[in-house]
Amino acid sequence: MTAAHRNHGSCAPARMTRFDDIYTQPDPRPYFRTLGPLGYRTPHYAQGLFRRLAHHIGIPGPTGEGGDRRATVLDVCCSYGINAALLNHHVTWDELHTRYTSPQAARWTTAELIEADLAYYAARRRSDAVPVIGLDIAAPALAYARAAGLLDAAFAENLETAPPTPALRRAAGGVRLITVTGGASFLSARTFHALLDSTERPPWVAAFVLRTGSYGDIAIGLAEHGLVTEKDTARTYPQRRFTDARERQYAIAAVTAAGDDPHGAETGDHFHTALHLSRPAVEAAAEPLHTVLRAP
């Protein structure tokens with residue numbers, strides 16, 4: 001897993017625009033300046049869903065006798081901790097975009113931005129905030145997320161090419177929910193095997209996956225750990241606008257080849273993602289997917 005292993009990153013097919021540099025900067029201002037004008041909004045769609053899922057499965061765990069104080073969310077390809085910011089604070093994607101592209105933010109140094117962010121997020125911290133650890137190869141992005149107080153722990157590791165460090169294994173022990181909003185198309189089951197081998201109990205895995213690729217390999221790998229993967233077929237989620245006609249043509253052809261219908265989605269002007277939720281088989285059998293996803 002690399003910093004650019006995103007649904008819009010350097011490992012994208014040749015017909016997709018590359019956005020390598022926005023994940024190697026010392027703070028998220030270039031990220032928002034670049035992706036904002038393209039209408040990128042996947043974290044916006046994930047915000048409420050991830051919050052509902054975390055609380056549905058009991059994160060954070062009870063703090064009384066016998067409670068699990070380490071129950072944690074692990075965000076894969078977390079970059080600057082945007083998902084954690086949205087999950088744990090009274091902020092929206094649009095508010096973050098406005099903040100990080102404002103004239104005032106443009107005048108700050110990274111150190112000044114971090115200082116301002118510490119106060120900004122502290123003032124907006126939710127009472128039901130949950131512990132979040134981040135996994136990404138982009139060390140500068142992780143350093144920002146930690147310095148701004150968005151992540152409880154961060155690991156710059158590539159589980160596609162190397163096993164997890166002992167520190168990551170220990171941190172992953174209490175993980176109950178793994179989230180992915182960018183990068184699933186460029187990961188394999190190898191990353192998830194490494195993570196689930198480290199968890200003390202099978203977590204849930206919620207991933208927004210570009211419809212131009214397949215999640216099959218990862219789903220098969222998760223099944224080896226007793227997880228059943230279901231795809232939400234009730235809706236798709238716009239990811240970002242196409243940068244040119246070539247991207248649109250590629251997306252329509254790829255989605256069609258994957259067995260999905262691009263009409264009303266990729267035939268417009270956006271890439272689209274679909275949500276895949278993996279749960280232990282007993283839990284998947286006990287509660288239908290639509291009930292879990294639509295729960296208040």
# chains A, B, ... in the order shown; residues from 1 in each chain; ligands from 1

$ select_by_dssp --residues "segment 67-96 of chain A" --states "alpha helix (DSSP H)" --output "PyMOL selection string"
chain A and resi 82-88+93-96

$ write_last_selection --atoms "all heavy atoms" --output "compact mmCIF listing (two decimals), in the first residue's frame"
# COMPACT_ATOMS: atom_id res chain seq x y z
N ILE A 82 -8.62 12.48 7.36
CA ILE A 82 -9.88 13.15 7.04
C ILE A 82 -11.07 12.35 7.56
O ILE A 82 -12.02 12.91 8.11
CB ILE A 82 -10.00 13.38 5.53
CG1 ILE A 82 -8.80 14.16 5.00
CG2 ILE A 82 -11.31 14.09 5.20
CD1 ILE A 82 -8.57 15.49 5.67
N ASN A 83 -11.05 11.03 7.38
CA ASN A 83 -12.17 10.22 7.88
C ASN A 83 -12.29 10.34 9.39
O ASN A 83 -13.39 10.40 9.93
CB ASN A 83 -12.00 8.76 7.48
CG ASN A 83 -12.29 8.53 6.01
OD1 ASN A 83 -13.06 9.27 5.40
ND2 ASN A 83 -11.66 7.52 5.43
N ALA A 84 -11.16 10.35 10.09
CA ALA A 84 -11.20 10.50 11.54
C ALA A 84 -11.74 11.87 11.93
O ALA A 84 -12.48 12.00 12.91
CB ALA A 84 -9.80 10.29 12.12
N ALA A 85 -11.36 12.90 11.19
CA ALA A 85 -11.87 14.24 11.46
C ALA A 85 -13.39 14.27 11.35
O ALA A 85 -14.09 14.84 12.21
CB ALA A 85 -11.25 15.24 10.50
N LEU A 86 -13.92 13.66 10.30
CA LEU A 86 -15.36 13.67 10.09
C LEU A 86 -16.09 12.75 11.05
O LEU A 86 -17.21 13.04 11.48
CB LEU A 86 -15.66 13.25 8.64
CG LEU A 86 -15.16 14.22 7.56
CD1 LEU A 86 -15.32 13.62 6.17
CD2 LEU A 86 -15.91 15.54 7.65
N LEU A 87 -15.47 11.64 11.39
CA LEU A 87 -16.10 10.68 12.29
C LEU A 87 -16.26 11.23 13.70
O LEU A 87 -17.31 11.04 14.34
CB LEU A 87 -15.24 9.40 12.34
CG LEU A 87 -15.69 8.27 13.27
CD1 LEU A 87 -17.03 7.69 12.82
CD2 LEU A 87 -14.62 7.18 13.33
N ASN A 88 -15.27 11.95 14.18
CA ASN A 88 -15.20 12.29 15.60
C ASN A 88 -15.46 13.76 15.92
O ASN A 88 -15.33 14.15 17.09
CB ASN A 88 -13.83 11.90 16.15
CG ASN A 88 -13.72 10.40 16.40
OD1 ASN A 88 -14.72 9.74 16.66
ND2 ASN A 88 -12.51 9.88 16.31
N TRP A 93 -17.61 17.72 5.41
CA TRP A 93 -16.62 17.74 4.34
C TRP A 93 -16.53 19.14 3.74
O TRP A 93 -15.44 19.66 3.49
CB TRP A 93 -16.98 16.73 3.26
CG TRP A 93 -16.18 16.83 2.01
CD1 TRP A 93 -16.53 17.46 0.85
CD2 TRP A 93 -14.85 16.33 1.79
NE1 TRP A 93 -15.53 17.37 -0.08
CE2 TRP A 93 -14.49 16.67 0.47
CE3 TRP A 93 -13.96 15.61 2.57
CZ2 TRP A 93 -13.25 16.33 -0.07
CZ3 TRP A 93 -12.73 15.26 2.04
CH2 TRP A 93 -12.39 15.62 0.73
N ASP A 94 -17.67 19.77 3.49
CA ASP A 94 -17.67 21.10 2.89
C ASP A 94 -16.99 22.12 3.80
O ASP A 94 -16.28 23.01 3.33
CB ASP A 94 -19.09 21.54 2.57
CG ASP A 94 -19.69 20.76 1.41
OD1 ASP A 94 -18.93 20.23 0.58
OD2 ASP A 94 -20.93 20.67 1.34
N GLU A 95 -17.20 22.00 5.10
CA GLU A 95 -16.55 22.92 6.03
C GLU A 95 -15.04 22.73 6.03
O GLU A 95 -14.28 23.71 6.09
CB GLU A 95 -17.11 22.71 7.44
CG GLU A 95 -18.52 23.24 7.61
CD GLU A 95 -19.17 22.82 8.92
OE1 GLU A 95 -18.66 21.88 9.57
OE2 GLU A 95 -20.20 23.43 9.28
N LEU A 96 -14.58 21.48 5.94
CA LEU A 96 -13.14 21.24 5.88
C LEU A 96 -12.56 21.79 4.58
O LEU A 96 -11.47 22.39 4.58
CB LEU A 96 -12.84 19.75 6.01
CG LEU A 96 -13.17 19.12 7.36
CD1 LEU A 96 -12.74 17.66 7.37
CD2 LEU A 96 -12.53 19.88 8.51

$ closest_residue --among "A:Asp244, A:Gly36, A:Ala154, A:His89" --to "Ala122 of chain A" --atoms "only C-alpha atoms"
A:His89

$ atom_distance --atom1 "atom CA of Phe50 of chain A" --atom2 "atom CA of Ile114 of chain A"
25.1 Å

$ atom_distance --atom1 "atom CA of Arg248 of chain A" --atom2 "atom CA of Gly264 of chain A"
12.8 Å

$ residues_around --residues "segment 174-184 of chain A" --least-positions-apart "3" --cutoff "8 Å" --atoms "only C-alpha atoms" --output "ChimeraX atom specification"
/A:5-8,42-43,46,50,53-54,57,59,70-78,171,187-188,199-210,215

$ residues_around --residues "Phe192 of chain A" --least-positions-apart "2" --cutoff "10 Å" --atoms "only C-alpha atoms" --output "list in words"
Val76, Leu159, Glu160, Ile178, Leu187, Ser188, Ala189, Arg190, Ala194, Leu195, Leu196, Asp197, Ser198, Val205, Ile218, Ala219, Gly221, Leu222 and His225 of chain A

$ write_last_selection --atoms "all heavy atoms" --output "short mmCIF file (atom, residue, chain, number, x, y, z; two decimals), in the first residue's frame"
data_model
loop_
_atom_site.label_atom_id
_atom_site.label_comp_id
_atom_site.auth_asym_id
_atom_site.auth_seq_id
_atom_site.Cartn_x
_atom_site.Cartn_y
_atom_site.Cartn_z
N VAL A 76 -7.78 2.48 6.73
CA VAL A 76 -6.73 2.07 5.80
C VAL A 76 -6.60 3.12 4.69
O VAL A 76 -7.59 3.59 4.15
CB VAL A 76 -7.05 0.69 5.20
CG1 VAL A 76 -6.01 0.28 4.17
CG2 VAL A 76 -7.13 -0.37 6.30
N LEU A 159 1.58 -3.10 3.79
CA LEU A 159 1.31 -4.50 4.07
C LEU A 159 1.20 -5.34 2.79
O LEU A 159 1.09 -6.56 2.88
CB LEU A 159 0.03 -4.64 4.89
CG LEU A 159 0.03 -3.90 6.24
CD1 LEU A 159 -1.23 -4.21 7.02
CD2 LEU A 159 1.27 -4.25 7.05
N GLU A 160 1.24 -4.68 1.66
CA GLU A 160 1.30 -5.43 0.40
C GLU A 160 2.68 -6.03 0.17
O GLU A 160 2.82 -7.01 -0.55
CB GLU A 160 0.94 -4.51 -0.78
CG GLU A 160 -0.51 -4.08 -0.81
CD GLU A 160 -1.46 -5.23 -1.08
OE1 GLU A 160 -1.28 -5.92 -2.10
OE2 GLU A 160 -2.37 -5.46 -0.26
N ILE A 178 -12.78 -1.82 10.34
CA ILE A 178 -11.78 -1.35 9.37
C ILE A 178 -12.53 -0.58 8.30
O ILE A 178 -13.53 -1.05 7.75
CB ILE A 178 -11.02 -2.53 8.74
CG1 ILE A 178 -10.21 -3.27 9.81
CG2 ILE A 178 -10.10 -2.06 7.62
CD1 ILE A 178 -9.53 -4.54 9.31
N LEU A 187 -5.46 -2.42 -3.47
CA LEU A 187 -5.01 -3.32 -2.42
C LEU A 187 -5.39 -4.74 -2.81
O LEU A 187 -6.22 -4.97 -3.70
CB LEU A 187 -5.68 -2.96 -1.09
CG LEU A 187 -5.37 -1.59 -0.51
CD1 LEU A 187 -6.25 -1.32 0.71
CD2 LEU A 187 -3.90 -1.48 -0.14
N SER A 188 -4.80 -5.71 -2.13
CA SER A 188 -5.16 -7.10 -2.33
C SER A 188 -5.55 -7.70 -0.98
O SER A 188 -5.49 -7.03 0.06
CB SER A 188 -3.98 -7.88 -2.93
OG SER A 188 -2.97 -8.09 -1.95
N ALA A 189 -5.91 -8.96 -1.00
CA ALA A 189 -6.24 -9.65 0.24
C ALA A 189 -5.05 -9.70 1.19
O ALA A 189 -5.23 -9.85 2.40
CB ALA A 189 -6.73 -11.06 -0.07
N ARG A 190 -3.84 -9.52 0.67
CA ARG A 190 -2.64 -9.60 1.49
C ARG A 190 -2.69 -8.60 2.66
O ARG A 190 -2.38 -8.94 3.80
CB ARG A 190 -1.40 -9.35 0.63
CG ARG A 190 -0.08 -9.58 1.35
CD ARG A 190 1.09 -9.40 0.39
NE ARG A 190 1.04 -10.36 -0.70
CZ ARG A 190 0.75 -10.06 -1.98
NH1 ARG A 190 0.48 -8.81 -2.32
NH2 ARG A 190 0.71 -10.98 -2.89
N ALA A 194 -3.06 -9.65 6.77
CA ALA A 194 -2.13 -9.18 7.81
C ALA A 194 -2.87 -8.51 8.95
O ALA A 194 -2.53 -8.71 10.13
CB ALA A 194 -1.11 -8.22 7.19
N LEU A 195 -3.87 -7.73 8.63
CA LEU A 195 -4.62 -7.03 9.67
C LEU A 195 -5.48 -7.98 10.48
O LEU A 195 -5.49 -7.94 11.72
CB LEU A 195 -5.47 -5.93 9.05
CG LEU A 195 -4.71 -4.76 8.42
CD1 LEU A 195 -5.66 -3.82 7.70
CD2 LEU A 195 -3.91 -4.00 9.48
N LEU A 196 -6.21 -8.87 9.80
CA LEU A 196 -7.11 -9.76 10.53
C LEU A 196 -6.36 -10.83 11.31
O LEU A 196 -6.87 -11.33 12.32
CB LEU A 196 -8.13 -10.38 9.58
CG LEU A 196 -9.42 -9.56 9.43
CD1 LEU A 196 -9.16 -8.24 8.73
CD2 LEU A 196 -10.50 -10.35 8.72
N ASP A 197 -5.17 -11.16 10.86
CA ASP A 197 -4.33 -12.08 11.65
C ASP A 197 -3.92 -11.44 12.97
O ASP A 197 -3.53 -12.14 13.91
CB ASP A 197 -3.08 -12.47 10.86
CG ASP A 197 -3.36 -13.52 9.80
OD1 ASP A 197 -4.43 -14.17 9.87
OD2 ASP A 197 -2.52 -13.68 8.89
N SER A 198 -3.99 -10.11 13.04
CA SER A 198 -3.55 -9.38 14.23
C SER A 198 -4.69 -9.05 15.17
O SER A 198 -4.44 -8.70 16.33
CB SER A 198 -2.84 -8.08 13.82
OG SER A 198 -1.75 -8.34 12.96
N VAL A 205 -15.57 -4.85 8.15
CA VAL A 205 -14.79 -4.10 7.16
C VAL A 205 -15.77 -3.37 6.25
O VAL A 205 -16.61 -4.00 5.59
CB VAL A 205 -13.88 -5.02 6.33
CG1 VAL A 205 -13.07 -4.20 5.32
CG2 VAL A 205 -12.95 -5.84 7.23
N ILE A 218 -10.34 -9.46 -2.48
CA ILE A 218 -10.36 -9.09 -1.06
C ILE A 218 -11.49 -9.81 -0.34
O ILE A 218 -11.32 -10.32 0.77
CB ILE A 218 -10.48 -7.57 -0.91
CG1 ILE A 218 -9.20 -6.89 -1.42
CG2 ILE A 218 -10.77 -7.18 0.54
CD1 ILE A 218 -9.26 -5.38 -1.42
N ALA A 219 -12.66 -9.90 -0.97
CA ALA A 219 -13.79 -10.59 -0.35
C ALA A 219 -13.47 -12.05 -0.08
O ALA A 219 -13.83 -12.61 0.97
CB ALA A 219 -15.02 -10.46 -1.21
N GLY A 221 -10.46 -13.26 0.41
CA GLY A 221 -9.53 -13.27 1.52
C GLY A 221 -10.22 -13.07 2.86
O GLY A 221 -9.90 -13.73 3.86
N LEU A 222 -11.19 -12.15 2.90
CA LEU A 222 -11.92 -11.90 4.15
C LEU A 222 -12.74 -13.13 4.55
O LEU A 222 -12.90 -13.42 5.74
CB LEU A 222 -12.83 -10.69 3.98
CG LEU A 222 -12.11 -9.34 3.79
CD1 LEU A 222 -13.12 -8.24 3.50
CD2 LEU A 222 -11.29 -8.98 5.02
N HIS A 225 -11.30 -15.55 6.87
CA HIS A 225 -11.33 -15.17 8.28
C HIS A 225 -12.75 -15.21 8.84
O HIS A 225 -13.01 -14.67 9.92
CB HIS A 225 -10.74 -13.77 8.45
CG HIS A 225 -9.29 -13.69 8.08
ND1 HIS A 225 -8.27 -13.85 8.99
CD2 HIS A 225 -8.70 -13.47 6.88
CE1 HIS A 225 -7.10 -13.73 8.37
NE2 HIS A 225 -7.33 -13.50 7.10
#

$ closest_residue --among "A:Ala105, A:Leu113, A:Ala223, A:Ala295" --to "Ala281 of chain A" --atoms "only C-alpha atoms"
A:Ala223

$ select_by_dssp --residues "segment 151-205 of chain A" --states "strand (DSSP E or B)" --output "PyMOL selection string"
chain A and resi 153-155+175-180+204-205

$ residues_around --residues "Glu157 of chain A" --least-positions-apart "4" --cutoff "12 Å" --atoms "only C-alpha atoms" --output "PyMOL selection string"
chain A and resi 1-3+76-78+134-139+142+161-169+191+194-195

$ write_last_selection --atoms "N, CA and C atoms" --output "mmCIF file, in the first residue's frame"
data_model
loop_
_atom_site.group_PDB
_atom_site.id
_atom_site.type_symbol
_atom_site.label_atom_id
_atom_site.label_comp_id
_atom_site.auth_asym_id
_atom_site.auth_seq_id
_atom_site.Cartn_x
_atom_site.Cartn_y
_atom_site.Cartn_z
ATOM 1 N N MET A 1 0.852 -1.185 0.000
ATOM 2 C CA MET A 1 0.000 0.000 0.000
ATOM 3 C C MET A 1 0.883 1.228 0.000
ATOM 4 N N THR A 2 0.681 2.109 -0.925
ATOM 5 C CA THR A 2 1.474 3.320 -0.992
ATOM 6 C C THR A 2 0.589 4.526 -0.799
ATOM 7 N N ALA A 3 1.250 5.656 -0.625
ATOM 8 C CA ALA A 3 0.499 6.892 -0.416
ATOM 9 C C ALA A 3 -0.424 7.183 -1.574
ATOM 10 N N VAL A 76 -7.776 2.484 6.729
ATOM 11 C CA VAL A 76 -6.730 2.070 5.799
ATOM 12 C C VAL A 76 -6.597 3.115 4.689
ATOM 13 N N CYS A 77 -5.373 3.461 4.345
ATOM 14 C CA CYS A 77 -5.094 4.545 3.399
ATOM 15 C C CYS A 77 -5.696 5.847 3.933
ATOM 16 N N CYS A 78 -5.348 6.161 5.170
ATOM 17 C CA CYS A 78 -6.009 7.250 5.891
ATOM 18 C C CYS A 78 -5.505 8.633 5.500
ATOM 19 N N GLY A 134 -4.568 5.007 12.149
ATOM 20 C CA GLY A 134 -4.442 5.166 10.710
ATOM 21 C C GLY A 134 -3.313 4.327 10.142
ATOM 22 N N LEU A 135 -3.526 3.843 8.927
ATOM 23 C CA LEU A 135 -2.521 3.072 8.201
ATOM 24 C C LEU A 135 -2.343 3.680 6.821
ATOM 25 N N ASP A 136 -1.116 4.039 6.491
ATOM 26 C CA ASP A 136 -0.808 4.634 5.193
ATOM 27 C C ASP A 136 0.713 4.625 5.069
ATOM 28 N N ILE A 137 1.216 4.640 3.841
ATOM 29 C CA ILE A 137 2.664 4.712 3.654
ATOM 30 C C ILE A 137 3.148 6.161 3.642
ATOM 31 N N ALA A 138 2.215 7.113 3.553
ATOM 32 C CA ALA A 138 2.577 8.527 3.436
ATOM 33 C C ALA A 138 2.935 9.094 4.798
ATOM 34 N N ALA A 139 4.194 9.021 5.160
ATOM 35 C CA ALA A 139 4.632 9.473 6.485
ATOM 36 C C ALA A 139 4.304 10.941 6.754
ATOM 37 N N LEU A 142 0.612 11.196 7.666
ATOM 38 C CA LEU A 142 0.378 10.615 8.985
ATOM 39 C C LEU A 142 0.879 11.532 10.097
ATOM 40 N N THR A 161 3.697 -5.445 0.777
ATOM 41 C CA THR A 161 5.070 -5.879 0.510
ATOM 42 C C THR A 161 5.810 -6.382 1.746
ATOM 43 N N ALA A 162 5.267 -6.152 2.928
ATOM 44 C CA ALA A 162 5.967 -6.556 4.152
ATOM 45 C C ALA A 162 4.953 -6.846 5.252
ATOM 46 N N PRO A 163 5.279 -7.726 6.181
ATOM 47 C CA PRO A 163 4.365 -8.005 7.283
ATOM 48 C C PRO A 163 4.275 -6.813 8.222
ATOM 49 N N PRO A 164 3.211 -6.737 9.008
ATOM 50 C CA PRO A 164 3.075 -5.616 9.950
ATOM 51 C C PRO A 164 4.139 -5.682 11.031
ATOM 52 N N THR A 165 4.537 -4.517 11.498
ATOM 53 C CA THR A 165 5.485 -4.446 12.605
ATOM 54 C C THR A 165 4.800 -4.917 13.889
ATOM 55 N N PRO A 166 5.576 -5.302 14.885
ATOM 56 C CA PRO A 166 4.971 -5.669 16.168
ATOM 57 C C PRO A 166 4.084 -4.564 16.744
ATOM 58 N N ALA A 167 4.480 -3.318 16.545
ATOM 59 C CA ALA A 167 3.667 -2.209 17.069
ATOM 60 C C ALA A 167 2.297 -2.169 16.406
ATOM 61 N N LEU A 168 2.255 -2.362 15.095
ATOM 62 C CA LEU A 168 0.971 -2.374 14.396
ATOM 63 C C LEU A 168 0.149 -3.585 14.819
ATOM 64 N N ARG A 169 0.782 -4.720 14.967
ATOM 65 C CA ARG A 169 0.054 -5.913 15.417
ATOM 66 C C ARG A 169 -0.615 -5.669 16.768
ATOM 67 N N THR A 191 -3.078 -7.368 2.368
ATOM 68 C CA THR A 191 -3.170 -6.360 3.427
ATOM 69 C C THR A 191 -4.174 -6.765 4.489
ATOM 70 N N ALA A 194 -3.061 -9.651 6.773
ATOM 71 C CA ALA A 194 -2.131 -9.183 7.805
ATOM 72 C C ALA A 194 -2.869 -8.508 8.951
ATOM 73 N N LEU A 195 -3.873 -7.727 8.627
ATOM 74 C CA LEU A 195 -4.615 -7.028 9.669
ATOM 75 C C LEU A 195 -5.477 -7.983 10.482
#

$ residues_around --residues "Thr236 of chain A" --least-positions-apart "5" --cutoff "12 Å" --atoms "only C-alpha atoms" --output "count of residues only"
21

$ atom_distance --atom1 "atom CA of Ala284 of chain A" --atom2 "atom CA of Val228 of chain A"
6.8 Å

$ closest_residue --among "A:Ala141, A:Asp128, A:Asp27, A:Gln47" --to "Ala111 of chain A" --atoms "only C-alpha atoms"
A:Asp27
